[in-house]
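Structure data (TSV, N, CA and C atoms) from data.tsv:
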```tsv
chain	number	residue	atom	x	y	z
A	12	MET	N	-29.14	39.21	18.12
A	12	MET	CA	-28.01	38.36	17.86
A	12	MET	C	-26.79	38.94	18.56
A	13	SER	N	-26.09	38.08	19.25
A	13	SER	CA	-24.88	38.54	19.91
A	13	SER	C	-23.70	38.36	18.99
A	14	SER	N	-22.68	39.16	19.20
A	14	SER	CA	-21.50	39.10	18.34
A	14	SER	C	-20.41	38.20	18.95
A	15	GLU	N	-20.73	37.50	20.04
A	15	GLU	CA	-19.73	36.63	20.66
A	15	GLU	C	-19.56	35.34	19.86
A	16	ASN	N	-18.33	34.87	19.82
A	16	ASN	CA	-18.05	33.61	19.14
A	16	ASN	C	-18.36	32.46	20.09
A	17	PRO	N	-18.89	31.38	19.57
A	17	PRO	CA	-19.14	30.23	20.44
A	17	PRO	C	-17.82	29.60	20.88
A	18	ALA	N	-17.87	28.91	22.00
A	18	ALA	CA	-16.67	28.27	22.52
A	18	ALA	C	-16.23	27.16	21.57
A	19	PRO	N	-14.92	27.01	21.38
A	19	PRO	CA	-14.45	25.95	20.48
A	19	PRO	C	-14.78	24.57	21.04
A	20	ARG	N	-15.03	23.63	20.15
A	20	ARG	CA	-15.35	22.27	20.58
A	20	ARG	C	-14.11	21.59	21.13
A	21	LYS	N	-14.34	20.74	22.13
A	21	LYS	CA	-13.24	19.96	22.67
A	21	LYS	C	-12.95	18.79	21.74
A	22	ARG	N	-11.68	18.43	21.64
A	22	ARG	CA	-11.30	17.26	20.86
A	22	ARG	C	-11.61	16.02	21.67
A	23	PRO	N	-12.04	14.94	21.01
A	23	PRO	CA	-12.29	13.70	21.75
A	23	PRO	C	-10.99	13.17	22.34
A	24	SER	N	-11.13	12.41	23.41
A	24	SER	CA	-9.94	11.87	24.06
A	24	SER	C	-9.22	10.91	23.13
A	25	SER	N	-7.97	10.68	23.42
A	25	SER	CA	-7.15	9.80	22.59
A	25	SER	C	-7.72	8.39	22.57
A	26	GLY	N	-8.21	7.93	23.71
A	26	GLY	CA	-8.79	6.58	23.78
A	26	GLY	C	-10.02	6.45	22.91
A	27	ALA	N	-10.88	7.46	22.93
A	27	ALA	CA	-12.08	7.42	22.10
A	27	ALA	C	-11.72	7.46	20.62
A	28	THR	N	-10.71	8.23	20.27
A	28	THR	CA	-10.27	8.29	18.88
A	28	THR	C	-9.72	6.96	18.43
A	29	GLN	N	-8.96	6.29	19.29
A	29	GLN	CA	-8.40	4.99	18.92
A	29	GLN	C	-9.48	3.94	18.78
A	30	VAL	N	-10.49	3.96	19.64
A	30	VAL	CA	-11.59	3.01	19.52
A	30	VAL	C	-12.36	3.26	18.23
A	31	ALA	N	-12.61	4.52	17.92
A	31	ALA	CA	-13.32	4.84	16.68
A	31	ALA	C	-12.52	4.37	15.46
A	32	MET	N	-11.21	4.56	15.50
A	32	MET	CA	-10.37	4.12	14.40
A	32	MET	C	-10.38	2.59	14.28
A	33	ALA	N	-10.34	1.91	15.41
A	33	ALA	CA	-10.35	0.44	15.40
A	33	ALA	C	-11.67	-0.11	14.87
A	34	MET	N	-12.75	0.61	15.05
A	34	MET	CA	-14.04	0.17	14.52
A	34	MET	C	-14.19	0.53	13.04
A	35	GLU	N	-13.53	1.60	12.61
A	35	GLU	CA	-13.69	2.10	11.26
A	35	GLU	C	-12.84	1.35	10.24
A	36	LEU	N	-11.63	0.98	10.59
A	36	LEU	CA	-10.70	0.41	9.62
A	36	LEU	C	-11.16	-0.92	9.03
A	37	PRO	N	-11.66	-1.87	9.82
A	37	PRO	CA	-12.14	-3.11	9.18
A	37	PRO	C	-13.33	-2.88	8.26
A	38	VAL	N	-14.18	-1.93	8.59
A	38	VAL	CA	-15.33	-1.63	7.74
A	38	VAL	C	-14.85	-1.09	6.40
A	39	ILE	N	-13.85	-0.23	6.43
A	39	ILE	CA	-13.30	0.34	5.20
A	39	ILE	C	-12.71	-0.77	4.33
A	40	LEU	N	-11.94	-1.67	4.93
A	40	LEU	CA	-11.31	-2.74	4.18
A	40	LEU	C	-12.36	-3.65	3.54
A	41	ILE	N	-13.35	-4.05	4.31
A	41	ILE	CA	-14.39	-4.95	3.79
A	41	ILE	C	-15.24	-4.24	2.73
A	42	ALA	N	-15.54	-2.97	2.95
A	42	ALA	CA	-16.38	-2.24	2.00
A	42	ALA	C	-15.69	-2.07	0.65
A	43	THR	N	-14.40	-1.78	0.65
A	43	THR	CA	-13.71	-1.61	-0.64
A	43	THR	C	-13.67	-2.92	-1.42
A	44	ILE	N	-13.44	-4.03	-0.72
A	44	ILE	CA	-13.43	-5.33	-1.39
A	44	ILE	C	-14.82	-5.65	-1.93
A	45	ALA	N	-15.85	-5.42	-1.12
A	45	ALA	CA	-17.22	-5.75	-1.53
A	45	ALA	C	-17.68	-4.88	-2.70
A	46	ILE	N	-17.36	-3.61	-2.68
A	46	ILE	CA	-17.79	-2.72	-3.76
A	46	ILE	C	-17.07	-3.08	-5.06
A	47	ALA	N	-15.75	-3.26	-4.98
A	47	ALA	CA	-15.00	-3.59	-6.19
A	47	ALA	C	-15.37	-4.98	-6.71
A	48	GLY	N	-15.48	-5.95	-5.81
A	48	GLY	CA	-15.87	-7.29	-6.22
A	48	GLY	C	-17.28	-7.33	-6.78
A	49	GLY	N	-18.18	-6.56	-6.19
A	49	GLY	CA	-19.55	-6.48	-6.71
A	49	GLY	C	-19.60	-5.86	-8.09
A	50	ALA	N	-18.79	-4.82	-8.29
A	50	ALA	CA	-18.72	-4.21	-9.62
A	50	ALA	C	-18.15	-5.21	-10.63
A	51	GLY	N	-17.14	-5.97	-10.22
A	51	GLY	CA	-16.59	-6.99	-11.10
A	51	GLY	C	-17.60	-8.07	-11.42
A	52	PHE	N	-18.38	-8.46	-10.42
A	52	PHE	CA	-19.42	-9.47	-10.64
A	52	PHE	C	-20.45	-8.98	-11.65
A	53	LEU	N	-20.89	-7.74	-11.48
A	53	LEU	CA	-21.88	-7.20	-12.42
A	53	LEU	C	-21.31	-7.08	-13.83
A	54	LEU	N	-20.05	-6.66	-13.93
A	54	LEU	CA	-19.42	-6.59	-15.25
A	54	LEU	C	-19.25	-7.98	-15.85
A	55	ASP	N	-18.93	-8.97	-15.02
A	55	ASP	CA	-18.81	-10.35	-15.50
A	55	ASP	C	-20.14	-10.85	-16.06
A	56	ARG	N	-21.22	-10.55	-15.39
A	56	ARG	CA	-22.53	-10.99	-15.88
A	56	ARG	C	-22.87	-10.30	-17.19
A	57	TRP	N	-22.49	-9.04	-17.32
A	57	TRP	CA	-22.82	-8.28	-18.51
A	57	TRP	C	-21.96	-8.71	-19.71
A	58	LEU	N	-20.64	-8.94	-19.43
A	58	LEU	CA	-19.71	-9.26	-20.51
A	58	LEU	C	-19.49	-10.76	-20.70
A	59	HIS	N	-20.11	-11.59	-19.87
A	59	HIS	CA	-19.98	-13.05	-19.93
A	59	HIS	C	-18.51	-13.48	-19.81
A	60	THR	N	-17.82	-12.95	-18.83
A	60	THR	CA	-16.41	-13.30	-18.59
A	60	THR	C	-16.28	-13.91	-17.20
A	61	SER	N	-17.13	-14.82	-16.88
A	61	SER	CA	-17.38	-15.44	-15.58
A	61	SER	C	-16.55	-14.93	-14.41
A	62	PRO	N	-15.50	-15.57	-13.91
A	62	PRO	CA	-14.94	-15.03	-12.66
A	62	PRO	C	-13.80	-14.04	-12.87
A	63	LEU	N	-13.46	-13.75	-14.11
A	63	LEU	CA	-12.25	-12.96	-14.38
A	63	LEU	C	-12.30	-11.56	-13.75
A	64	LEU	N	-13.30	-10.77	-14.09
A	64	LEU	CA	-13.35	-9.39	-13.59
A	64	LEU	C	-13.66	-9.33	-12.10
A	65	THR	N	-14.40	-10.32	-11.60
A	65	THR	CA	-14.66	-10.36	-10.16
A	65	THR	C	-13.36	-10.52	-9.40
A	66	LEU	N	-12.51	-11.43	-9.86
A	66	LEU	CA	-11.22	-11.63	-9.19
A	66	LEU	C	-10.31	-10.42	-9.32
A	67	ILE	N	-10.22	-9.89	-10.53
A	67	ILE	CA	-9.32	-8.75	-10.75
A	67	ILE	C	-9.76	-7.55	-9.92
A	68	LEU	N	-11.04	-7.20	-10.01
A	68	LEU	CA	-11.51	-6.04	-9.25
A	68	LEU	C	-11.54	-6.31	-7.75
A	69	GLY	N	-11.76	-7.56	-7.36
A	69	GLY	CA	-11.68	-7.91	-5.94
A	69	GLY	C	-10.28	-7.67	-5.39
A	70	PHE	N	-9.25	-8.10	-6.14
A	70	PHE	CA	-7.87	-7.86	-5.71
A	70	PHE	C	-7.53	-6.38	-5.72
A	71	LEU	N	-8.03	-5.65	-6.73
A	71	LEU	CA	-7.81	-4.21	-6.74
A	71	LEU	C	-8.50	-3.53	-5.56
A	72	GLY	N	-9.69	-4.00	-5.22
A	72	GLY	CA	-10.39	-3.47	-4.05
A	72	GLY	C	-9.64	-3.76	-2.77
A	73	PHE	N	-9.05	-4.95	-2.66
A	73	PHE	CA	-8.24	-5.28	-1.50
A	73	PHE	C	-7.04	-4.35	-1.40
A	74	GLY	N	-6.37	-4.13	-2.52
A	74	GLY	CA	-5.22	-3.22	-2.52
A	74	GLY	C	-5.62	-1.80	-2.15
A	75	ALA	N	-6.75	-1.34	-2.68
A	75	ALA	CA	-7.22	0.01	-2.35
A	75	ALA	C	-7.60	0.11	-0.88
A	76	GLY	N	-8.20	-0.95	-0.33
A	76	GLY	CA	-8.56	-0.95	1.08
A	76	GLY	C	-7.34	-0.91	1.98
A	77	VAL	N	-6.33	-1.72	1.66
A	77	VAL	CA	-5.10	-1.71	2.44
A	77	VAL	C	-4.42	-0.36	2.34
A	78	TRP	N	-4.38	0.21	1.13
A	78	TRP	CA	-3.76	1.52	0.95
A	78	TRP	C	-4.48	2.59	1.78
A	79	ASP	N	-5.81	2.54	1.80
A	79	ASP	CA	-6.58	3.52	2.57
A	79	ASP	C	-6.37	3.35	4.07
A	80	VAL	N	-6.31	2.10	4.54
A	80	VAL	CA	-6.06	1.85	5.96
A	80	VAL	C	-4.70	2.39	6.36
A	81	ILE	N	-3.68	2.11	5.55
A	81	ILE	CA	-2.33	2.61	5.85
A	81	ILE	C	-2.30	4.14	5.83
A	82	ARG	N	-2.98	4.73	4.86
A	82	ARG	CA	-3.03	6.21	4.77
A	82	ARG	C	-3.68	6.81	6.00
A	83	ARG	N	-4.79	6.22	6.44
A	83	ARG	CA	-5.48	6.74	7.62
A	83	ARG	C	-4.66	6.55	8.89
A	84	LEU	N	-3.98	5.42	9.01
A	84	LEU	CA	-3.15	5.18	10.18
A	84	LEU	C	-1.97	6.13	10.24
A	85	SER	N	-1.34	6.39	9.09
A	85	SER	CA	-0.21	7.31	9.09
A	85	SER	C	-0.67	8.74	9.38
A	86	ARG	N	-1.85	9.11	8.88
A	86	ARG	CA	-2.37	10.44	9.18
A	86	ARG	C	-2.70	10.57	10.67
A	87	ALA	N	-3.26	9.51	11.25
A	87	ALA	CA	-3.60	9.54	12.68
A	87	ALA	C	-2.32	9.61	13.52
A	88	GLU	N	-1.28	8.94	13.07
A	88	GLU	CA	-0.02	8.98	13.81
A	88	GLU	C	0.60	10.37	13.75
A	89	LYS	N	0.49	11.03	12.61
A	89	LYS	CA	1.04	12.39	12.48
A	89	LYS	C	0.29	13.36	13.37
A	90	THR	N	-1.05	13.28	13.41
A	90	THR	CA	-1.82	14.22	14.22
A	90	THR	C	-1.69	13.90	15.70
A	91	ASP	N	-1.45	12.62	16.03
A	91	ASP	CA	-1.28	12.22	17.42
A	91	ASP	C	0.13	12.55	17.92
A	92	GLY	N	1.03	12.84	17.01
A	92	GLY	CA	2.39	13.14	17.39
A	92	GLY	C	3.22	11.90	17.66
A	93	GLY	N	2.72	10.74	17.29
A	93	GLY	CA	3.45	9.50	17.50
A	93	GLY	C	3.44	9.02	18.92
A	94	SER	N	2.66	9.65	19.80
A	94	SER	CA	2.63	9.24	21.21
A	94	SER	C	1.47	8.29	21.44
A	95	ASN	N	1.72	7.00	21.12
A	95	ASN	CA	0.67	6.03	21.28
A	95	ASN	C	0.85	5.21	22.55
A	96	GLY	N	1.85	5.53	23.35
A	96	GLY	CA	2.04	4.86	24.61
A	96	GLY	C	2.78	3.54	24.48
A	97	GLY	N	3.08	3.14	23.27
A	97	GLY	CA	3.78	1.88	23.05
A	97	GLY	C	5.27	2.05	23.25
A	98	GLY	N	5.96	0.91	23.33
A	98	GLY	CA	7.40	0.97	23.56
A	98	GLY	C	8.10	0.47	22.43
```
Translate this file's structure into structure tokens.
Amino acid sequence: MSSENPAPRKRPSSGATQVAMAMELPVILIATIAIAGGAGFLLDRWLHTSPLLTLILGFLGFGAGVWDVIRRLSRAEKTDGGSNGGG
């Protein structure tokens, strides 16, 4: 075994990071709505409260998805240094 440290990994290019983010954000938004709405649907079937919990948890899932998208975008902007090439 050698005692040398491996070379540090290169960071992906800014363009690749932006494409990955653009593919990831809609999936996050749809998944939070689907999971929360699905949980509401199952609770509605169990408690016999037809569309009430599906709607409430669906809206909460939408809010959580939007909050997560905004959080990820602000974190990406901080790590990118705000240099997105826009004017």
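One distance worth recording is that between atom N of Asp79 of chain A and atom CA of Ile39 of chain A, which is 8.5 Å.
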Grab the atom CA of Ala33 of chain A to atom N of Lys21 of chain A distance for me, in Å with one decimal place.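 Distance between the two atoms: 21.8 Å.
When all atoms listed in the file are used to measure the gap to Gly49 of chain A, the shortest distance among A:Pro19, A:Gly26, A:Gly76, A:Gly69 belongs to A:Gly69.
A straight line drawn from atom N of Arg56 of chain A to atom CA of Phe70 of chain A is 16.7 Å long.
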Neighbours of Arg22 of chain A within 12 Å (only C-alpha atoms; same-chain residues fewer than 4 positions away dropped), as a PyMOL selection string? chain A and resi 26-28+90-91
Return as a PyMOL selection string the full set of residues in chain A whose backbone-based DSSP assignment is alpha helix (DSSP H). chain A and resi 25-58+63-91
Which of A:Leu66, A:Met34, A:Val80, A:Ile41 sits closest to Leu53 of chain A [using only C-alpha atoms]: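 Smallest separation from Leu53 of chain A among the options: A:Leu66.
Counting all atoms listed in the file, the residue from A:Ser85, A:Ser24, A:Gln29, A:Thr65 that sits nearest to Gly51 of chain A is A:Thr65.
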Residue nearest Thr43 of chain A among A:Asn16, A:Leu71, A:Ser61, A:Lys89 (counting only N, CA and C atoms): A:Leu71
